[in-house]
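What follows is the content of input.cif, which has mmCIF, N, CA and C atoms:
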data_structure
#
loop_
_atom_site.label_atom_id
_atom_site.label_comp_id
_atom_site.auth_asym_id
_atom_site.auth_seq_id
_atom_site.Cartn_x
_atom_site.Cartn_y
_atom_site.Cartn_z
N GLN S 1 -31.95 30.85 4.55
CA GLN S 1 -32.22 29.93 3.45
C GLN S 1 -33.47 29.11 3.69
N VAL S 2 -33.69 28.73 4.92
CA VAL S 2 -34.86 27.93 5.28
C VAL S 2 -35.58 28.61 6.43
N GLN S 3 -36.87 28.78 6.27
CA GLN S 3 -37.69 29.34 7.36
C GLN S 3 -38.73 28.31 7.76
N LEU S 4 -38.90 28.16 9.06
CA LEU S 4 -39.84 27.19 9.61
C LEU S 4 -40.81 27.91 10.53
N VAL S 5 -42.09 27.62 10.38
CA VAL S 5 -43.10 28.24 11.22
C VAL S 5 -44.04 27.16 11.74
N GLU S 6 -44.06 26.98 13.06
CA GLU S 6 -44.93 25.99 13.67
C GLU S 6 -46.30 26.57 13.97
N SER S 7 -47.28 25.69 14.03
CA SER S 7 -48.63 26.06 14.45
C SER S 7 -49.34 24.81 14.95
N GLY S 8 -50.48 25.02 15.59
CA GLY S 8 -51.30 23.89 16.01
C GLY S 8 -51.26 23.55 17.48
N GLY S 9 -50.41 24.24 18.23
CA GLY S 9 -50.37 23.98 19.66
C GLY S 9 -51.63 24.45 20.36
N GLY S 10 -51.75 24.06 21.63
CA GLY S 10 -52.91 24.49 22.38
C GLY S 10 -53.05 23.71 23.67
N LEU S 11 -54.22 23.85 24.27
CA LEU S 11 -54.53 23.17 25.53
C LEU S 11 -55.44 21.98 25.23
N VAL S 12 -55.07 20.83 25.77
CA VAL S 12 -55.86 19.62 25.52
C VAL S 12 -55.86 18.78 26.79
N GLN S 13 -56.90 18.02 26.99
CA GLN S 13 -56.97 17.15 28.15
C GLN S 13 -56.16 15.88 27.91
N ALA S 14 -55.72 15.29 28.98
CA ALA S 14 -54.99 14.02 28.88
C ALA S 14 -55.84 13.01 28.12
N GLY S 15 -55.17 12.27 27.23
CA GLY S 15 -55.87 11.32 26.39
C GLY S 15 -56.30 11.89 25.05
N GLY S 16 -56.23 13.19 24.92
CA GLY S 16 -56.65 13.84 23.69
C GLY S 16 -55.56 13.84 22.62
N SER S 17 -55.86 14.53 21.52
CA SER S 17 -54.96 14.58 20.37
C SER S 17 -54.77 16.00 19.88
N LEU S 18 -53.63 16.23 19.27
CA LEU S 18 -53.33 17.48 18.60
C LEU S 18 -52.49 17.16 17.37
N ARG S 19 -52.59 18.01 16.35
CA ARG S 19 -51.71 17.90 15.21
C ARG S 19 -50.96 19.22 15.04
N LEU S 20 -49.65 19.12 15.14
CA LEU S 20 -48.79 20.28 14.92
C LEU S 20 -48.39 20.34 13.45
N SER S 21 -48.24 21.56 12.96
CA SER S 21 -47.79 21.77 11.59
C SER S 21 -46.51 22.60 11.60
N CYS S 22 -45.68 22.37 10.61
CA CYS S 22 -44.45 23.15 10.43
C CYS S 22 -44.39 23.54 8.96
N ALA S 23 -44.65 24.80 8.67
CA ALA S 23 -44.59 25.30 7.30
C ALA S 23 -43.15 25.60 6.95
N VAL S 24 -42.72 25.08 5.80
CA VAL S 24 -41.32 25.18 5.38
C VAL S 24 -41.21 26.06 4.14
N SER S 25 -40.36 27.05 4.19
CA SER S 25 -40.06 27.83 3.00
C SER S 25 -38.55 27.84 2.80
N ARG S 26 -38.12 27.59 1.56
CA ARG S 26 -36.69 27.50 1.28
C ARG S 26 -36.36 28.35 0.06
N ARG S 27 -35.22 28.95 0.10
CA ARG S 27 -34.74 29.71 -1.04
C ARG S 27 -33.80 28.90 -1.92
N THR S 28 -33.31 27.79 -1.40
CA THR S 28 -32.39 26.96 -2.18
C THR S 28 -32.94 25.55 -2.24
N SER S 29 -32.57 24.83 -3.27
CA SER S 29 -33.01 23.45 -3.40
C SER S 29 -32.14 22.57 -2.51
N GLY S 30 -32.53 21.33 -2.40
CA GLY S 30 -31.77 20.40 -1.58
C GLY S 30 -32.68 19.49 -0.82
N ASN S 31 -32.09 18.49 -0.20
CA ASN S 31 -32.85 17.53 0.59
C ASN S 31 -32.53 17.74 2.06
N TYR S 32 -33.57 17.59 2.86
CA TYR S 32 -33.44 17.91 4.27
C TYR S 32 -33.96 16.79 5.15
N ALA S 33 -33.23 16.53 6.21
CA ALA S 33 -33.76 15.74 7.31
C ALA S 33 -34.49 16.72 8.23
N MET S 34 -35.62 16.28 8.76
CA MET S 34 -36.41 17.18 9.60
C MET S 34 -36.81 16.48 10.89
N ALA S 35 -37.12 17.28 11.88
CA ALA S 35 -37.41 16.69 13.18
C ALA S 35 -38.28 17.62 14.02
N TRP S 36 -38.83 17.05 15.08
CA TRP S 36 -39.50 17.79 16.14
C TRP S 36 -38.73 17.57 17.43
N PHE S 37 -38.57 18.65 18.16
CA PHE S 37 -38.03 18.60 19.50
C PHE S 37 -39.01 19.31 20.43
N ARG S 38 -38.84 19.10 21.71
CA ARG S 38 -39.67 19.83 22.68
C ARG S 38 -38.83 20.20 23.88
N GLN S 39 -39.29 21.23 24.56
CA GLN S 39 -38.60 21.67 25.77
C GLN S 39 -39.62 22.06 26.82
N ALA S 40 -39.61 21.34 27.91
CA ALA S 40 -40.48 21.64 29.04
C ALA S 40 -39.76 22.64 29.95
N PRO S 41 -40.50 23.39 30.74
CA PRO S 41 -39.87 24.38 31.63
C PRO S 41 -38.83 23.73 32.54
N GLY S 42 -37.66 24.32 32.56
CA GLY S 42 -36.60 23.83 33.43
C GLY S 42 -35.89 22.59 32.93
N LYS S 43 -36.21 22.15 31.72
CA LYS S 43 -35.58 20.94 31.20
C LYS S 43 -34.87 21.22 29.89
N GLU S 44 -34.00 20.31 29.48
CA GLU S 44 -33.31 20.46 28.21
C GLU S 44 -34.23 20.07 27.05
N GLN S 45 -33.81 20.47 25.87
CA GLN S 45 -34.55 20.06 24.69
C GLN S 45 -34.52 18.55 24.55
N GLU S 46 -35.67 18.00 24.12
CA GLU S 46 -35.81 16.56 24.00
C GLU S 46 -36.24 16.20 22.59
N PHE S 47 -35.61 15.20 22.02
CA PHE S 47 -35.96 14.70 20.71
C PHE S 47 -37.33 14.04 20.75
N VAL S 48 -38.16 14.36 19.75
CA VAL S 48 -39.52 13.82 19.70
C VAL S 48 -39.73 12.92 18.49
N ALA S 49 -39.25 13.36 17.33
CA ALA S 49 -39.46 12.58 16.11
C ALA S 49 -38.57 13.13 15.02
N ALA S 50 -38.20 12.27 14.07
CA ALA S 50 -37.41 12.70 12.92
C ALA S 50 -37.91 11.99 11.68
N ILE S 51 -37.70 12.63 10.53
CA ILE S 51 -38.05 12.02 9.26
C ILE S 51 -36.94 12.33 8.26
N THR S 52 -36.49 11.31 7.56
CA THR S 52 -35.47 11.51 6.54
C THR S 52 -36.12 11.99 5.25
N TRP S 53 -35.29 12.48 4.33
CA TRP S 53 -35.92 12.98 3.11
C TRP S 53 -36.41 11.83 2.23
N SER S 54 -36.03 10.60 2.57
CA SER S 54 -36.59 9.45 1.87
C SER S 54 -37.86 8.93 2.54
N GLY S 55 -38.21 9.52 3.69
CA GLY S 55 -39.47 9.19 4.33
C GLY S 55 -39.40 8.26 5.52
N SER S 56 -38.21 7.81 5.89
CA SER S 56 -38.10 6.97 7.08
C SER S 56 -38.27 7.82 8.33
N THR S 57 -38.80 7.21 9.38
CA THR S 57 -39.09 7.94 10.61
C THR S 57 -38.41 7.30 11.81
N ALA S 58 -38.24 8.11 12.85
CA ALA S 58 -37.62 7.62 14.08
C ALA S 58 -38.24 8.33 15.27
N TYR S 59 -38.40 7.60 16.37
CA TYR S 59 -39.01 8.14 17.58
C TYR S 59 -38.30 7.61 18.82
N PRO S 60 -38.30 8.39 19.88
CA PRO S 60 -37.82 7.84 21.15
C PRO S 60 -38.93 6.99 21.77
N ASP S 61 -38.57 6.18 22.73
CA ASP S 61 -39.56 5.30 23.36
C ASP S 61 -40.70 6.07 24.03
N SER S 62 -40.40 7.29 24.48
CA SER S 62 -41.39 8.06 25.23
C SER S 62 -42.61 8.43 24.40
N VAL S 63 -42.48 8.47 23.07
CA VAL S 63 -43.61 8.85 22.23
C VAL S 63 -43.96 7.80 21.19
N LYS S 64 -43.16 6.76 21.08
CA LYS S 64 -43.38 5.73 20.07
C LYS S 64 -44.77 5.11 20.24
N GLY S 65 -45.48 4.99 19.14
CA GLY S 65 -46.83 4.44 19.19
C GLY S 65 -47.91 5.47 19.46
N ARG S 66 -47.50 6.67 19.90
CA ARG S 66 -48.49 7.73 20.17
C ARG S 66 -48.35 8.89 19.19
N PHE S 67 -47.13 9.18 18.77
CA PHE S 67 -46.88 10.31 17.88
C PHE S 67 -46.50 9.79 16.49
N ALA S 68 -46.81 10.58 15.47
CA ALA S 68 -46.43 10.23 14.11
C ALA S 68 -46.00 11.48 13.36
N ILE S 69 -44.82 11.41 12.76
CA ILE S 69 -44.30 12.51 11.97
C ILE S 69 -44.54 12.21 10.50
N SER S 70 -44.86 13.24 9.74
CA SER S 70 -45.09 13.06 8.31
C SER S 70 -44.81 14.37 7.59
N THR S 71 -44.69 14.28 6.28
CA THR S 71 -44.49 15.47 5.47
C THR S 71 -45.44 15.45 4.29
N ASP S 72 -45.82 16.63 3.86
CA ASP S 72 -46.61 16.81 2.65
C ASP S 72 -45.78 17.71 1.75
N ASN S 73 -45.04 17.10 0.83
CA ASN S 73 -44.12 17.88 0.02
C ASN S 73 -44.84 18.87 -0.89
N ALA S 74 -46.03 18.52 -1.32
CA ALA S 74 -46.79 19.43 -2.19
C ALA S 74 -47.15 20.72 -1.45
N ARG S 75 -47.33 20.61 -0.14
CA ARG S 75 -47.69 21.79 0.66
C ARG S 75 -46.52 22.34 1.46
N ASN S 76 -45.34 21.71 1.26
CA ASN S 76 -44.16 22.16 2.01
C ASN S 76 -44.44 22.25 3.50
N THR S 77 -45.03 21.19 4.02
CA THR S 77 -45.42 21.19 5.42
C THR S 77 -45.05 19.87 6.07
N MET S 78 -44.59 19.95 7.31
CA MET S 78 -44.34 18.76 8.11
C MET S 78 -45.36 18.75 9.24
N TYR S 79 -45.75 17.56 9.65
CA TYR S 79 -46.76 17.43 10.69
C TYR S 79 -46.25 16.55 11.83
N LEU S 80 -46.85 16.75 12.98
CA LEU S 80 -46.66 15.84 14.10
C LEU S 80 -48.05 15.56 14.67
N GLN S 81 -48.54 14.36 14.41
CA GLN S 81 -49.81 13.92 14.98
C GLN S 81 -49.53 13.34 16.35
N MET S 82 -50.17 13.91 17.36
CA MET S 82 -49.95 13.47 18.73
C MET S 82 -51.25 12.92 19.30
N ASN S 83 -51.24 11.67 19.65
CA ASN S 83 -52.41 11.00 20.22
C ASN S 83 -52.11 10.54 21.64
N SER S 84 -53.16 10.23 22.38
CA SER S 84 -53.02 9.74 23.75
C SER S 84 -52.08 10.63 24.56
N LEU S 85 -52.31 11.90 24.49
CA LEU S 85 -51.42 12.87 25.14
C LEU S 85 -51.45 12.72 26.65
N LYS S 86 -50.29 12.96 27.24
CA LYS S 86 -50.12 12.86 28.69
C LYS S 86 -49.65 14.21 29.22
N PRO S 87 -49.88 14.49 30.51
CA PRO S 87 -49.40 15.76 31.08
C PRO S 87 -47.90 15.96 30.88
N GLU S 88 -47.14 14.89 30.87
CA GLU S 88 -45.69 15.03 30.67
C GLU S 88 -45.31 15.39 29.24
N ASP S 89 -46.28 15.44 28.33
CA ASP S 89 -46.01 15.92 26.98
C ASP S 89 -46.07 17.44 26.90
N THR S 90 -46.46 18.08 27.99
CA THR S 90 -46.52 19.54 28.02
C THR S 90 -45.15 20.14 27.78
N ALA S 91 -45.05 21.01 26.77
CA ALA S 91 -43.75 21.60 26.40
C ALA S 91 -43.95 22.58 25.26
N LEU S 92 -42.87 23.27 24.95
CA LEU S 92 -42.80 24.08 23.74
C LEU S 92 -42.21 23.18 22.66
N TYR S 93 -42.93 23.03 21.56
CA TYR S 93 -42.51 22.12 20.50
C TYR S 93 -41.91 22.91 19.34
N TYR S 94 -40.75 22.45 18.89
CA TYR S 94 -40.02 23.09 17.81
C TYR S 94 -39.84 22.14 16.64
N CYS S 95 -39.93 22.67 15.42
CA CYS S 95 -39.50 21.89 14.28
C CYS S 95 -38.11 22.35 13.85
N ALA S 96 -37.38 21.43 13.25
CA ALA S 96 -36.00 21.70 12.87
C ALA S 96 -35.70 21.03 11.54
N ALA S 97 -34.72 21.58 10.82
CA ALA S 97 -34.36 21.04 9.51
C ALA S 97 -32.84 21.12 9.33
N GLN S 98 -32.33 20.15 8.61
CA GLN S 98 -30.90 20.13 8.31
C GLN S 98 -30.70 19.54 6.92
N ARG S 99 -29.99 20.28 6.08
CA ARG S 99 -29.72 19.79 4.74
C ARG S 99 -28.77 18.59 4.84
N THR S 100 -29.05 17.59 4.03
CA THR S 100 -28.22 16.39 4.06
C THR S 100 -28.16 15.77 2.68
N SER S 101 -27.05 15.11 2.39
CA SER S 101 -26.89 14.46 1.09
C SER S 101 -27.29 12.99 1.13
N ARG S 102 -27.59 12.48 2.32
CA ARG S 102 -27.91 11.07 2.46
C ARG S 102 -29.40 10.88 2.71
N ALA S 103 -30.02 10.03 1.94
CA ALA S 103 -31.45 9.81 2.04
C ALA S 103 -31.85 9.22 3.39
N THR S 104 -30.91 8.54 4.05
CA THR S 104 -31.24 7.84 5.28
C THR S 104 -30.84 8.62 6.54
N SER S 105 -30.32 9.83 6.37
CA SER S 105 -29.84 10.58 7.53
C SER S 105 -30.98 11.13 8.37
N TRP S 106 -30.84 10.94 9.67
CA TRP S 106 -31.70 11.62 10.62
C TRP S 106 -30.88 11.83 11.89
N PHE S 107 -31.27 12.79 12.68
CA PHE S 107 -30.47 13.17 13.84
C PHE S 107 -31.38 13.39 15.04
N ASP S 108 -30.90 12.97 16.21
CA ASP S 108 -31.72 13.12 17.42
C ASP S 108 -31.11 14.10 18.42
N THR S 109 -30.15 14.90 17.99
CA THR S 109 -29.59 15.91 18.88
C THR S 109 -29.77 17.29 18.26
N PRO S 110 -30.14 18.28 19.05
CA PRO S 110 -30.42 19.61 18.51
C PRO S 110 -29.26 20.23 17.75
N ARG S 111 -28.03 19.96 18.16
CA ARG S 111 -26.89 20.63 17.53
C ARG S 111 -26.69 20.21 16.08
N GLU S 112 -27.34 19.13 15.67
CA GLU S 112 -27.19 18.68 14.28
C GLU S 112 -28.05 19.48 13.30
N TYR S 113 -28.96 20.29 13.83
CA TYR S 113 -29.90 21.01 12.97
C TYR S 113 -29.54 22.49 12.90
N SER S 114 -29.57 23.01 11.68
CA SER S 114 -29.20 24.41 11.46
C SER S 114 -30.40 25.35 11.48
N TYR S 115 -31.58 24.82 11.16
CA TYR S 115 -32.74 25.67 11.00
C TYR S 115 -33.83 25.28 12.02
N TRP S 116 -34.42 26.31 12.63
CA TRP S 116 -35.39 26.11 13.69
C TRP S 116 -36.57 27.06 13.55
N GLY S 117 -37.73 26.57 13.97
CA GLY S 117 -38.88 27.44 14.08
C GLY S 117 -38.90 28.12 15.44
N GLN S 118 -39.95 28.90 15.67
CA GLN S 118 -40.04 29.68 16.91
C GLN S 118 -40.73 28.92 18.04
N GLY S 119 -41.36 27.79 17.69
CA GLY S 119 -42.00 26.95 18.70
C GLY S 119 -43.50 27.19 18.80
N THR S 120 -44.19 26.14 19.20
CA THR S 120 -45.62 26.23 19.48
C THR S 120 -45.87 25.48 20.78
N ARG S 121 -46.69 26.07 21.64
CA ARG S 121 -46.84 25.53 22.98
C ARG S 121 -47.96 24.50 23.05
N VAL S 122 -47.66 23.40 23.70
CA VAL S 122 -48.64 22.34 23.95
C VAL S 122 -48.78 22.16 25.45
N THR S 123 -50.02 22.24 25.92
CA THR S 123 -50.30 22.04 27.34
C THR S 123 -51.32 20.93 27.48
N VAL S 124 -50.98 19.92 28.24
CA VAL S 124 -51.87 18.78 28.46
C VAL S 124 -52.29 18.78 29.91
N SER S 125 -53.58 18.93 30.13
CA SER S 125 -54.10 18.97 31.50
C SER S 125 -54.50 17.57 31.96
N SER S 126 -54.36 17.35 33.26
CA SER S 126 -54.69 16.02 33.80
C SER S 126 -56.14 15.94 34.24
#
Since I need it in another form, could you write the structure as structure tokens?
Amino acid sequence: QVQLVESGGGLVQAGGSLRLSCAVSRRTSGNYAMAWFRQAPGKEQEFVAAITWSGSTAYPDSVKGRFAISTDNARNTMYLQMNSLKPEDTALYYCAAQRTSRATSWFDTPREYSYWGQGTRVTVSS
């Protein structure tokens, strides 16, 4: 019902910026909470950012003030602007979506999301 395709990953030096994109295609209507997660080698998936379908956003302390999540509904695309990147931001980044009836719903655990992209790799060199 929902397909997600990430892009925009790459290699960047510490202190640099990247913008990830998540193209969204849906066969059914509805409202979705969306998020970015990341997974570094040997580690569990980590919550990075979430956005409700009403536009509210949430971030963990590890990225707050450096990352920004946004959506462009006209282009059916979600973005993650990443600034002041650090080597510890190196990971495979995934976008996720979950249909919800509440405008204020957002989730910070992977199991709450039904739809996932294939991931895009971000490498930050020191």
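For the choices S:Leu4, S:Val48, S:Cys95, S:Ala40, the atom-to-atom distance to Val24 (chain S) is smallest for S:Leu4 when using all atoms listed in the file.
Residues matched by the PyMOL selection byres ((chain S and resi 52) around 7) in this file are Tyr32, Ala33, Met34, Ala50, Ile51, Trp53, Ser54, Gly55, Ser56, Thr57, Ala58, Ala103, Thr104, Ser105 and Trp106 of chain S.
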What does the distance from atom C of Tyr94 (chain S) to atom N of Ser70 (chain S) come to in Å, to one decimal?
12.3 Å
Close residues, Asn31 (chain S) itself excluded, 5 Å, all atoms listed in the file, min 2 positions apart in chain, as a PyMOL selection string:
chain S and resi 29+33+99-100
Using only C-alpha atoms, which protein or nucleic acid residues come within 8 Å of Ser114 (chain S)? Drop anything in the same chain fewer than 3 positions from it, and give the result as a list in words.
Ala96, Ala97, Gln98 and Arg111 of chain S
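What the PyMOL selection byres (((chain S and resi 45 and name CA) around 12) and name CA) picks from this file is Trp36, Phe37, Arg38, Gln39, Ala40, Pro41, Gly42, Lys43, Glu44, Glu46, Phe47, Val48, Ala91, Leu92, Tyr93, Tyr94, Cys95, Asp108, Thr109, Pro110, Arg111 and Gly119 of chain S.
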Give me every helix (DSSP H, G or I) residue in chain S, going by DSSP on the backbone, as an mmCIF file with N, CA and C atoms, keeping the file's coordinate frame.
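After the write, selection32.cif holds the following:
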data_model
loop_
_atom_site.group_PDB
_atom_site.id
_atom_site.type_symbol
_atom_site.label_atom_id
_atom_site.label_comp_id
_atom_site.auth_asym_id
_atom_site.auth_seq_id
_atom_site.Cartn_x
_atom_site.Cartn_y
_atom_site.Cartn_z
ATOM 1 N N ASN S 73 -45.040 17.100 0.830
ATOM 2 C CA ASN S 73 -44.120 17.880 0.020
ATOM 3 C C ASN S 73 -44.840 18.870 -0.890
ATOM 4 N N ALA S 74 -46.030 18.520 -1.320
ATOM 5 C CA ALA S 74 -46.790 19.430 -2.190
ATOM 6 C C ALA S 74 -47.150 20.720 -1.450
ATOM 7 N N ARG S 75 -47.330 20.610 -0.140
ATOM 8 C CA ARG S 75 -47.690 21.790 0.660
ATOM 9 C C ARG S 75 -46.520 22.340 1.460
ATOM 10 N N PRO S 87 -49.880 14.490 30.510
ATOM 11 C CA PRO S 87 -49.400 15.760 31.080
ATOM 12 C C PRO S 87 -47.900 15.960 30.880
ATOM 13 N N GLU S 88 -47.140 14.890 30.870
ATOM 14 C CA GLU S 88 -45.690 15.030 30.670
ATOM 15 C C GLU S 88 -45.310 15.390 29.240
ATOM 16 N N ASP S 89 -46.280 15.440 28.330
ATOM 17 C CA ASP S 89 -46.010 15.920 26.980
ATOM 18 C C ASP S 89 -46.070 17.440 26.900
ATOM 19 N N PRO S 110 -30.140 18.280 19.050
ATOM 20 C CA PRO S 110 -30.420 19.610 18.510
ATOM 21 C C PRO S 110 -29.260 20.230 17.750
ATOM 22 N N ARG S 111 -28.030 19.960 18.160
ATOM 23 C CA ARG S 111 -26.890 20.630 17.530
ATOM 24 C C ARG S 111 -26.690 20.210 16.080
ATOM 25 N N GLU S 112 -27.340 19.130 15.670
ATOM 26 C CA GLU S 112 -27.190 18.680 14.280
ATOM 27 C C GLU S 112 -28.050 19.480 13.300
#
Residue members of the PyMOL selection byres ((chain S and resi 68) around 8) in the file shown, as a ChimeraX atom specification:
/S:49-50,63-67,69-71,79-83
How many Å lie between CA of Ser84 (chain S) and atom C of Gln13 (chain S), rounded to one decimal?
8.1 Å
Among the residues of chain S, find those DSSP assigns to strand (DSSP E) from the backbone and print them as a PyMOL selection string.
chain S and resi 2-7+10-13+18-26+32-39+46-51+57-58+67-72+77-82+91-99+115-116+120-125
